[in-house]
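J.: To start, I am sharing the structure in question, which I have written as structure tokens.
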Number of protein chains: 2
Amino acid sequence: MSHPHPELGPPPSLPEGGLRVIPLGGLGEIGRNMTVFEYGGRLLIVDCGVLFPEEEQPGVDLILPDFSVIRERLDDIDAVVLTHGHEDHIGGVPYLLREKPDIPIVGSKLTLALIEAKLQEHRIRPYTLEVKEGQRERLGPFECEFIAVNHSIPDGLALAIRTGAGTVVHTGDFKMDQLPLDGRLTDLRHFARLGEEGIDLLLADSTNAEVPGFVPHERDISGVLRQVFAQAEKRIIVASFASHVHRVQQVVDAAQAYGRRVAFIGRSMVRNMGIARELGYLKVPAGLVVDVKALDDLPEENVVLICTGSQGEPMAALSRMANRDHQIRIRPGDTVILASSLIPGNENAVYRVINGLTRWGANVVHKGNAKVHVSGHAAAGELLYFYNITRPKNLMPVHGEWRHLRANAALGAATGVPEQQIVIAEDGVAVDLIDGKARISGKVPAGYVYVDGLSVGDVTEASLKDRRILGDEGFISVFVVVDSTSGKIVSGPSIQSRGSGIDDADFGEVIPKIEAVLSRSAQDGVTESHQLQQLVRRTVGKWVSDNYRRRPMIMPVVVDV
Amino acid sequence: MSHPHPELGPPPSLPEGGLRVIPLGGLGEIGRNMTVFEYGGRLLIVDCGVLFPEEEQPGVDLILPDFSVIRERLDDIDAVVLTHGHEDHIGGVPYLLREKPDIPIVGSKLTLALIEAKLQEHRIRPYTLEVKEGQRERLGPFECEFIAVNHSIPDGLALAIRTGAGTVVHTGDFKMDQLPLDGRLTDLRHFARLGEEGIDLLLADSTNAEVPGFVPHERDISGVLRQVFAQAEKRIIVASFASHVHRVQQVVDAAQAYGRRVAFIGRSMVRNMGIARELGYLKVPAGLVVDVKALDDLPEENVVLICTGSQGEPMAALSRMANRDHQIRIRPGDTVILASSLIPGNENAVYRVINGLTRWGANVVHKGNAKVHVSGHAAAGELLYFYNITRPKNLMPVHGEWRHLRANAALGAATGVPEQQIVIAEDGVAVDLIDGKARISGKVPAGYVYVDGLSVGDVTEASLKDRRILGDEGFISVFVVVDSTSGKIVSGPSIQSRGSGIDDADFGEVIPKIEAVLSRSAQDGVTESHQLQQLVRRTVGKWVSDNYRRRPMIMPVVVDV
């Protein structure tokens with residue numbers, strides 16, 4: 001198995017007839033999936049997603065892939081192919097199109113509908129090409145063929161890319177539910193054909209490679225839902241992902257079976273389900289779905305609310321219900337179902353919501369106490385099937401943290417992919433397919449690009465470090481005005497502090513120390529304000545550390561007049 | 001089931017012959033367990049633990065129970081009984097003894113050894129009384145009897161408290177492993193005796209009440225460990241809790257079986273295992289444990305390191321190994337075992353460590369991919385046994401968030417405890433046992449007390465709010481010196497910013513706006529610096545919001561000379 005070397009340099013220019021694969025996101029993390037393919041001087045991009053920040057990135061709204069490697073070559077891009085409509089695959093598109101609005105966007109019907117709705121909010125009307133499973137399209141030098149895959153959102157596509165360098169297959173996100181709700185299977189017969197024809201390089205979803213066995217059927221949830229519906233005496237509130245059409249479909253079906261009306265709550269849920277109904281992906285009997293206002297006229301036992309907030313997002317409907325700051329007020333006997341995964345890092349937020357709902361008397365059903373969620377990604381057992389059917393010559397695990405990529409590589413090796421033809425890359429690592437062999441050729445910039453408010457990229461690691469210090473320790477600012485000639489203090493020292501946990505009154509102790517150090521330096525003829533500021537910083541810093549064992553940020557300003 | 005009313009007032013003074021139970025921590029959270037029992041004007045305290053902060057409490061080291069309700073009555077305290085040696089049960093003792101060092105501490109041999117080691121660091125020598133299972137002790141008016149319980153640390157005790165008000169049983173933390181490693185069972189025969197005699201009020205551990213079935217045996221891990229040992233070709237590094245003697249014992253046994261020497265790494269691990277060996281709780285064959293320095297002379301396949309850091313704590317040994325900033329450098333082929341739980345909220349930190357170790361070539365075994373951990377708390381199936389054996393007249397779930405307390409209450413009800421005799425309380429809620437009935441009688445202060453550096457309680461919710469704002473948005477400070485008579489600017493405006501993500505150069509735009517507003521107010525004869533600061537704050541705030549859609553903290557200082 002080949003790993004990227006820590007001190008990898010930039011890749012050489014691509015030799016004639018070679019194909020280069022550069023993952024700009026999704027390798028070494030779960031999210032911001034984006035892969036650039038280069039052949040014959042042209043570029044094809046697969047997916048362009050966002051990553052959601054962790055507590056390590058305070059105040060950040062979104063994290064984008066770094067576009068710098070393609071920024072100078074926007075005209076070389078023949079298309080952006082979107083495998084499906086999840087944020088971590090399409091969320092970065094508006095930011096890419098800001099740089100060049102006429103890059104063609106290729107995807108399935110639902111995927112395009114979702115990205116178009118998103119682009120509308122950014123006031124961008126994209127050039128799109130709608131494709132179907134089985135369809136072939138020539139995008140520049142890239143001969144593309146689309147394959148149906150099953151995932152936690154309908155209409156997902158995998159992609160085969162044929163060039164002079166060989167055939168590359170990118171699975172996108174997928175699993176292999178053998179009894180999918182919509183009957184649209186991951187097309188293993190199609191993958192088998194490609195395998196027999198010869199797959200030179202396979203990029204495969206690693207998200208669940210560590211999980212042994214098989215993902216249960218989506219439809220298995222239906223039985224659990226109906227059990228809960230059968231027992232619920234009052235309102236039922238279901239939180240799920242706003243894009244999980246099949247999950248919502250099962251809730252809708254259960255609602256109908258138990259004589260309940262359904263209302264959608266939360267902007268993205270209302271928008272997406274509107275799109276899904278319009279395009280026929282969500283099937284709702286006439287009159288079943290009502291406006292939230294109409295609920296007041298219905299008996300509690302005839303109501304189902306489907307809302308956002310399953311990950312404990314503080315602004316989403318469910319969190320606000322838990323905090324009693326939503327029009328829907330939780331009452332004893334309400335049943336709340338979190339029909340969703342629990343994304344690592346969201347545990348505290350989600351449990352806070354569950355405790356809040358419980359405190360108001362709701363019975364909360366979640367994956368911790370009932371089988372109300374199944375994953376959208378192929379587990380180890382499924383991946384083994386997939387590798388035995390496709391038999392790739394070279395394998396490159398994608399979509400996962402290091403532990404997932406490693407586990408996926410091991411599965412490939414177990415099915416007989418030669419170790420030296422398995423490439424574990426990470427974001428920015430260029431992998432070249434030349435003469436049928438995939439090799440790491442170099443590394444390009446692929447750092448985090450932070451979106452914060454209106455600005456993209458202005459928030460740097462340095463400012464995040466400052467934020468972490470400020471967040472942990474707060475700050476103390478000291479302001480002194482001194483006479484430029486005598487160096488005597490004219491005004492101050494005045495001290496302001498926030499978040500230091502030090503009582504304003506206590507700063508009285510340190511002011512004489514500051515005065516002393518300044519008068520001493522005045523006697524020594526030190527008047528340069530930068531030096532004086534250093535002295536003040538050291539004086540205050542020592543006092544805080546001695547008395548409080550803390551290190552708040554200290555901001556001294558000495559001005560002379 | 002009775003719940004505390006949101007607007008609960010302080011409890012009335014306790015009637016003659018009544019017993020009052022006040023949980024000061026552990027109800028509504030996992031941690032800082034502390035319960036105060038009052039009878040005949042005297043107090044008995046069971047446990048005094050700490051809670052570890054979440055990202056909602058930036059920069060906080062520890063969270064303590066609020067002692068204010070007992071602060072005026074320290075002389076009424078007959079003893080603090082410690083059920084076992086975990087931080088969330090003993091960590092608050094040093095802070096309580098600071099207020100009165102001679103409060104007697106009662107506990108089992110190991111528990112006392114651990115608290116004494118901790119108190120030594122705080123330079124406190126406590127008055128202690130060592131007790132054993134089966135033993136009876138009169139502590140003031142409280143007739144106490146100690147019962148053996150099995151948990152994830154040896155020598156745990158439950159407690160029966162007899163007073164004129166009846167018999168109260170407090171389980172502490174417990175599970176019911178029927179094949180415990182040390183043969184020391186949760187003494188169900190003893191609990192059965194108490195049950196037949198009549199338990200008027202039972203306080204029972206709720207931590208795993210949501211988990212169906214039974215916790216596997218601790219010794220089941222041994223087989224998994226030996227499988228890993230059998231396959232490991234190079235070093236084995238095991239991370240676990242520094243207090244989990246039985247987990248460590250199984251690693252030590254496996255090491256001996258496979259001809260490996262053991263070294264302990266990490267201050268608390270070295271200290272606790274030293275204590276456990278000395279007292280005979282950890283059994284180590286002579287010569288098996290070596291100093292970490294001695295490892296260099298041993299072949300890699302003969303080495304086991306047992307270290308701290310299983311929760312991804314950034315300063316602990318394992319995280320530092322993952323970050324290449326520890327003397328132990330991870331090499332390809334090393335096997336790392338996280339033989340521990342994954343405490344909710346630590347996921348990101350732990351996965352970061354796992355990815356780091358994997359990236360350096362280690363094979364990482366953790367509860368996500370192998371059965372290397374079992375819980376220390378009774379699951380639902382065990383609790384049902386326990387309730388059927390004890391048959392309490394009144395039940396009060398303890399140790400858990402709301403969802404756990406609710407689930408535990410439901411289990412009690414299922415075994416026949418009358419609904420109206422099940423009390424779901426929360427921190428600070430007084431529960432009185434009078435004439436054999438447990439009733440909520442009021443609420444006392446039980447907020448979080450934050451330890452940050454040397455100070456206890458100085459860090460308030462307000463300063464945490466400031467820290468969260470500073471951490472998310474950073475701050476901008478503006479300094480201006482104006483002439484007191486003319487109101488004209490003498491020096492400044494000078495702007496400093498940290499964490500705002502705004503480039504210093506960009507502030508050039510806002511300075512003229514500040515100058516303009518100040519000169520206008522000078523013309524209007526506004527010279528009061530507080531008013532001027534308001535104007536500056538508003539000017540800068542609007543500029544930031546319009547141009548960046550952010551709300552950093554803005555700190556204007558206008559002084560006149």
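Each chain of the structure tokens is named A, B, ... in the order shown, its residues numbered from 1; ligands are numbered from 1 in display order.
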I need the contact residues of chain A against chain B, so if you could list those with any atom within 7 Å, counting only C-alpha atoms, and return them as a VMD selection string, that would help.

T.: chain A and resid 58 to 59 210 344 to 345 347 to 348 354 to 355 358 to 359 369 401 to 403 453 to 455 458 to 460 463 to 464 466 to 468 470 to 474 491 498 to 499 501 to 502 548 to 550 561

J.: Show me, as a PyMOL selection string, the residues that have an atom within 9 Å of range 414-422 of chain A when counting only C-alpha atoms, minus same-chain residues fewer than 3 positions from it.

T.: chain A and resi 1-2+384-385+387-388+391-397+409-411+437-439

J.: Can you tell me, as a ChimeraX atom specification, which residues in range 143-347 of chain B count as helix (DSSP H, G or I) by DSSP?

T.: /B:188-197,220-231,245-257,267-278,292-297,300-302,317-322,347

J.: Fewer than 5 positions away in the same chain doesn't count, so skip those; otherwise give me all residues within 10 Å of range 107-122 of chain B, counting only C-alpha atoms, as number ranges by chain.

T.: B: 47, 80-87, 90-91, 93-95, 97-98, 127-133, 146, 148, 153-157, 243, 271-272, 275-276, 279-281

J.: So that I can check the surroundings of Ala165 in chain B, please list as a ChimeraX atom specification every protein, DNA and RNA residue that reaches within 6 Å of it, counting only C-alpha atoms and ignoring chain neighbours fewer than 6 positions away.

T.: /B:17-19

J.: Based on the selection just made, write N, CA, C and O atoms of those residues as a compact mmCIF listing (two decimals), in the first residue's frame.

T.:
```txt
# COMPACT_ATOMS: atom_id res chain seq x y z
N GLY B 17 -38.54 14.22 62.76
CA GLY B 17 -38.66 12.82 62.35
C GLY B 17 -38.63 12.60 60.85
O GLY B 17 -38.70 11.47 60.37
N GLY B 18 -38.49 13.70 60.09
CA GLY B 18 -38.41 13.54 58.63
C GLY B 18 -36.97 13.47 58.16
O GLY B 18 -36.06 13.94 58.85
N LEU B 19 -36.74 12.84 57.01
CA LEU B 19 -35.42 12.79 56.39
C LEU B 19 -35.47 13.59 55.09
O LEU B 19 -36.43 13.45 54.31
```

J.: Just give me the gap between CA of Ile237 in chain B and CA of Ala379 in chain B in Å, one decimal is fine.

T.: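 CA of Ala379 in chain B lies at a distance of 29.7 Å from CA of Ile237 in chain B.
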
J.: Can you work out which one of A:Glu509, A:Glu38, A:Glu16, A:Glu528 has the shortest atom-to-atom distance to Arg73 in chain A, counting only C-alpha atoms?

T.: A:Glu38

J.: Considering only C-alpha atoms, can you say which of A:Arg184, A:His190, A:Lys293, A:Arg219 comes closest to Val169 in chain A?

T.: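 Among the listed residues, the smallest separation from Val169 in chain A belongs to A:His190.
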
J.: If we count only C-alpha atoms and set the cut-off at 9 Å, which residues sit around Ala160 in chain B, ignoring sequence neighbours fewer than 5 positions away in its own chain? Please answer as a list in words.

T.: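 Those residues are Glu143, Cys144, Glu145, Phe146, Ile147, Thr167, Val168, Val169, His170, Thr171, Leu194 and Ile199 of chain B.
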
J.: Could you name the residues that touch Pro314 in chain B at 12 Å or less, counting only C-alpha atoms, but leaving out those on the same chain fewer than 2 positions away, as a list in words?

T.: Thr308, Gly309, Ser310, Gln311, Gly312, Ala316, Ala317, Leu318, Ser319, Arg320, Met321, Ala322, Asn323, Asp325, His326, Asn346, Asn348, Ala349, Val350, Arg352 and Val353 of chain B

J.: Emit the selected residues as a compact mmCIF listing (two decimals), in the first residue's frame, including C-alpha atoms.

T.:
```
# COMPACT_ATOMS: atom_id res chain seq x y z
CA THR B 308 -3.56 7.48 29.67
CA GLY B 309 -5.36 9.48 27.01
CA SER B 310 -8.17 7.12 25.98
CA GLN B 311 -10.56 10.09 25.80
CA GLY B 312 -8.34 12.11 23.46
CA ALA B 316 -2.23 12.94 27.75
CA ALA B 317 0.34 10.45 26.49
CA LEU B 318 -1.72 8.99 23.62
CA SER B 319 -2.64 12.32 21.99
CA ARG B 320 0.97 13.39 22.17
CA MET B 321 2.06 10.13 20.51
CA ALA B 322 -0.49 10.79 17.74
CA ASN B 323 0.95 14.30 17.33
CA ASP B 325 5.29 15.08 20.42
CA HIS B 326 6.00 12.23 22.86
CA ASN B 346 -15.07 13.32 23.27
CA ASN B 348 -13.93 14.34 17.77
CA ALA B 349 -10.90 14.37 20.04
CA VAL B 350 -10.69 10.57 20.14
CA ARG B 352 -8.47 12.81 15.84
CA VAL B 353 -6.10 10.67 17.93
```

J.: Give me the residues near Ile22 in chain A as number ranges by chain, where near means some atom within 8 Å (using only C-alpha atoms) and where sequence neighbours in that chain fewer than 5 positions away do not count.

T.: A: 35-37, 427-431

J.: Filtering to C-alpha atoms, could you give me those residues as a short mmCIF file (atom, residue, chain, number, x, y, z; two decimals), in the first residue's frame?

T.:
```cif
data_model
loop_
_atom_site.label_atom_id
_atom_site.label_comp_id
_atom_site.auth_asym_id
_atom_site.auth_seq_id
_atom_site.Cartn_x
_atom_site.Cartn_y
_atom_site.Cartn_z
CA THR A 35 -12.04 15.42 -6.99
CA VAL A 36 -10.28 16.95 -9.98
CA PHE A 37 -9.47 14.74 -12.99
CA ASP A 427 -6.43 15.89 0.28
CA GLY A 428 -4.13 17.52 -2.27
CA VAL A 429 -2.17 14.38 -3.11
CA ALA A 430 -1.95 13.92 -6.88
CA VAL A 431 -2.36 10.32 -8.09
#
```

J.: Could you write out, as a ChimeraX atom specification, all the residues of range 217-387 of chain A that DSSP marks as strand (DSSP E or B)?

T.: /A:236-239,261-265,289,303-307,335-338,363-366,379

J.: Just the selected residues (N, CA and C atoms), exported as a PDB file, in the first residue's frame, please.

T.:
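See result-v5.pdb below for the written result:
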```
ATOM      1  N   ILE A 236     -47.047  13.304  17.248  1.00  0.00           N
ATOM      2  CA  ILE A 236     -45.787  12.679  16.896  1.00  0.00           C
ATOM      3  C   ILE A 236     -44.956  13.718  16.149  1.00  0.00           C
ATOM      4  N   ILE A 237     -43.723  13.903  16.602  1.00  0.00           N
ATOM      5  CA  ILE A 237     -42.814  14.843  15.953  1.00  0.00           C
ATOM      6  C   ILE A 237     -41.596  14.066  15.491  1.00  0.00           C
ATOM      7  N   VAL A 238     -41.327  14.092  14.175  1.00  0.00           N
ATOM      8  CA  VAL A 238     -40.204  13.350  13.628  1.00  0.00           C
ATOM      9  C   VAL A 238     -39.160  14.318  13.104  1.00  0.00           C
ATOM     10  N   ALA A 239     -37.927  14.180  13.588  1.00  0.00           N
ATOM     11  CA  ALA A 239     -36.828  14.989  13.056  1.00  0.00           C
ATOM     12  C   ALA A 239     -35.963  14.103  12.181  1.00  0.00           C
ATOM     13  N   ARG A 261     -52.468  13.510   9.978  1.00  0.00           N
ATOM     14  CA  ARG A 261     -52.072  14.473   8.970  1.00  0.00           C
ATOM     15  C   ARG A 261     -50.618  14.875   9.219  1.00  0.00           C
ATOM     16  N   VAL A 262     -49.950  15.328   8.177  1.00  0.00           N
ATOM     17  CA  VAL A 262     -48.531  15.655   8.257  1.00  0.00           C
ATOM     18  C   VAL A 262     -48.299  17.135   7.952  1.00  0.00           C
ATOM     19  N   ALA A 263     -47.451  17.772   8.752  1.00  0.00           N
ATOM     20  CA  ALA A 263     -46.996  19.128   8.430  1.00  0.00           C
ATOM     21  C   ALA A 263     -45.468  19.147   8.455  1.00  0.00           C
ATOM     22  N   PHE A 264     -44.890  19.830   7.465  1.00  0.00           N
ATOM     23  CA  PHE A 264     -43.430  19.977   7.415  1.00  0.00           C
ATOM     24  C   PHE A 264     -43.024  21.273   8.111  1.00  0.00           C
ATOM     25  N   ILE A 265     -41.936  21.213   8.871  1.00  0.00           N
ATOM     26  CA  ILE A 265     -41.457  22.393   9.598  1.00  0.00           C
ATOM     27  C   ILE A 265     -39.960  22.566   9.361  1.00  0.00           C
ATOM     28  N   VAL A 289     -50.876  16.133   3.599  1.00  0.00           N
ATOM     29  CA  VAL A 289     -49.989  17.175   4.118  1.00  0.00           C
ATOM     30  C   VAL A 289     -50.754  18.474   4.279  1.00  0.00           C
ATOM     31  N   VAL A 303     -51.933  14.081  14.455  1.00  0.00           N
ATOM     32  CA  VAL A 303     -50.923  15.005  13.976  1.00  0.00           C
ATOM     33  C   VAL A 303     -49.532  14.364  13.904  1.00  0.00           C
ATOM     34  N   VAL A 304     -48.846  14.601  12.796  1.00  0.00           N
ATOM     35  CA  VAL A 304     -47.420  14.298  12.699  1.00  0.00           C
ATOM     36  C   VAL A 304     -46.699  15.543  12.184  1.00  0.00           C
ATOM     37  N   LEU A 305     -45.643  15.944  12.894  1.00  0.00           N
ATOM     38  CA  LEU A 305     -44.800  17.043  12.426  1.00  0.00           C
ATOM     39  C   LEU A 305     -43.482  16.457  11.955  1.00  0.00           C
ATOM     40  N   ILE A 306     -43.038  16.863  10.784  1.00  0.00           N
ATOM     41  CA  ILE A 306     -41.732  16.419  10.294  1.00  0.00           C
ATOM     42  C   ILE A 306     -40.839  17.645  10.198  1.00  0.00           C
ATOM     43  N   CYS A 307     -39.749  17.627  10.973  1.00  0.00           N
ATOM     44  CA  CYS A 307     -38.961  18.852  11.092  1.00  0.00           C
ATOM     45  C   CYS A 307     -37.459  18.597  10.979  1.00  0.00           C
ATOM     46  N   THR A 335     -44.728  12.393  21.373  1.00  0.00           N
ATOM     47  CA  THR A 335     -43.677  11.444  21.018  1.00  0.00           C
ATOM     48  C   THR A 335     -42.762  12.096  20.000  1.00  0.00           C
ATOM     49  N   VAL A 336     -41.463  12.132  20.305  1.00  0.00           N
ATOM     50  CA  VAL A 336     -40.499  12.701  19.375  1.00  0.00           C
ATOM     51  C   VAL A 336     -39.595  11.590  18.864  1.00  0.00           C
ATOM     52  N   ILE A 337     -39.447  11.503  17.535  1.00  0.00           N
ATOM     53  CA  ILE A 337     -38.587  10.487  16.931  1.00  0.00           C
ATOM     54  C   ILE A 337     -37.431  11.183  16.214  1.00  0.00           C
ATOM     55  N   LEU A 338     -36.207  10.855  16.604  1.00  0.00           N
ATOM     56  CA  LEU A 338     -35.043  11.327  15.851  1.00  0.00           C
ATOM     57  C   LEU A 338     -34.660  10.233  14.858  1.00  0.00           C
ATOM     58  N   ASN A 363     -41.845  11.648  25.096  1.00  0.00           N
ATOM     59  CA  ASN A 363     -41.128  10.378  24.980  1.00  0.00           C
ATOM     60  C   ASN A 363     -40.256  10.477  23.744  1.00  0.00           C
ATOM     61  N   VAL A 364     -38.962  10.347  23.919  1.00  0.00           N
ATOM     62  CA  VAL A 364     -38.045  10.538  22.800  1.00  0.00           C
ATOM     63  C   VAL A 364     -37.513   9.196  22.315  1.00  0.00           C
ATOM     64  N   VAL A 365     -37.740   8.909  21.031  1.00  0.00           N
ATOM     65  CA  VAL A 365     -37.257   7.694  20.399  1.00  0.00           C
ATOM     66  C   VAL A 365     -36.087   8.084  19.501  1.00  0.00           C
ATOM     67  N   HIS A 366     -34.937   7.454  19.711  1.00  0.00           N
ATOM     68  CA  HIS A 366     -33.765   7.784  18.885  1.00  0.00           C
ATOM     69  C   HIS A 366     -32.950   6.522  18.650  1.00  0.00           C
ATOM     70  N   ALA A 379     -21.285  -0.893   4.125  1.00  0.00           N
ATOM     71  CA  ALA A 379     -20.430  -1.418   5.192  1.00  0.00           C
ATOM     72  C   ALA A 379     -19.460  -2.439   4.593  1.00  0.00           C
TER      73      ALA A 379
END
```

J.: Interatomic distance between CA of Glu382 in chain A and CA of Asp432 in chain A?

T.: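 Taking CA of Glu382 in chain A as the start and CA of Asp432 in chain A as the end point, the length is 27.5 Å.
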
J.: Rounded to one decimal, what separation in Å do you get between CA of Ala209 in chain A and CA of Thr163 in chain A?

T.: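 Spanning CA of Ala209 in chain A to CA of Thr163 in chain A is a straight-line distance of 28.8 Å.
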
J.: Using only C-alpha atoms, which residue out of A:Ser375, A:Ser441, A:Gln231, A:Asn150 lies closest to Leu8 in chain A?

T.: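 Using only C-alpha atoms, the shortest distance to Leu8 in chain A belongs to A:Ser441.
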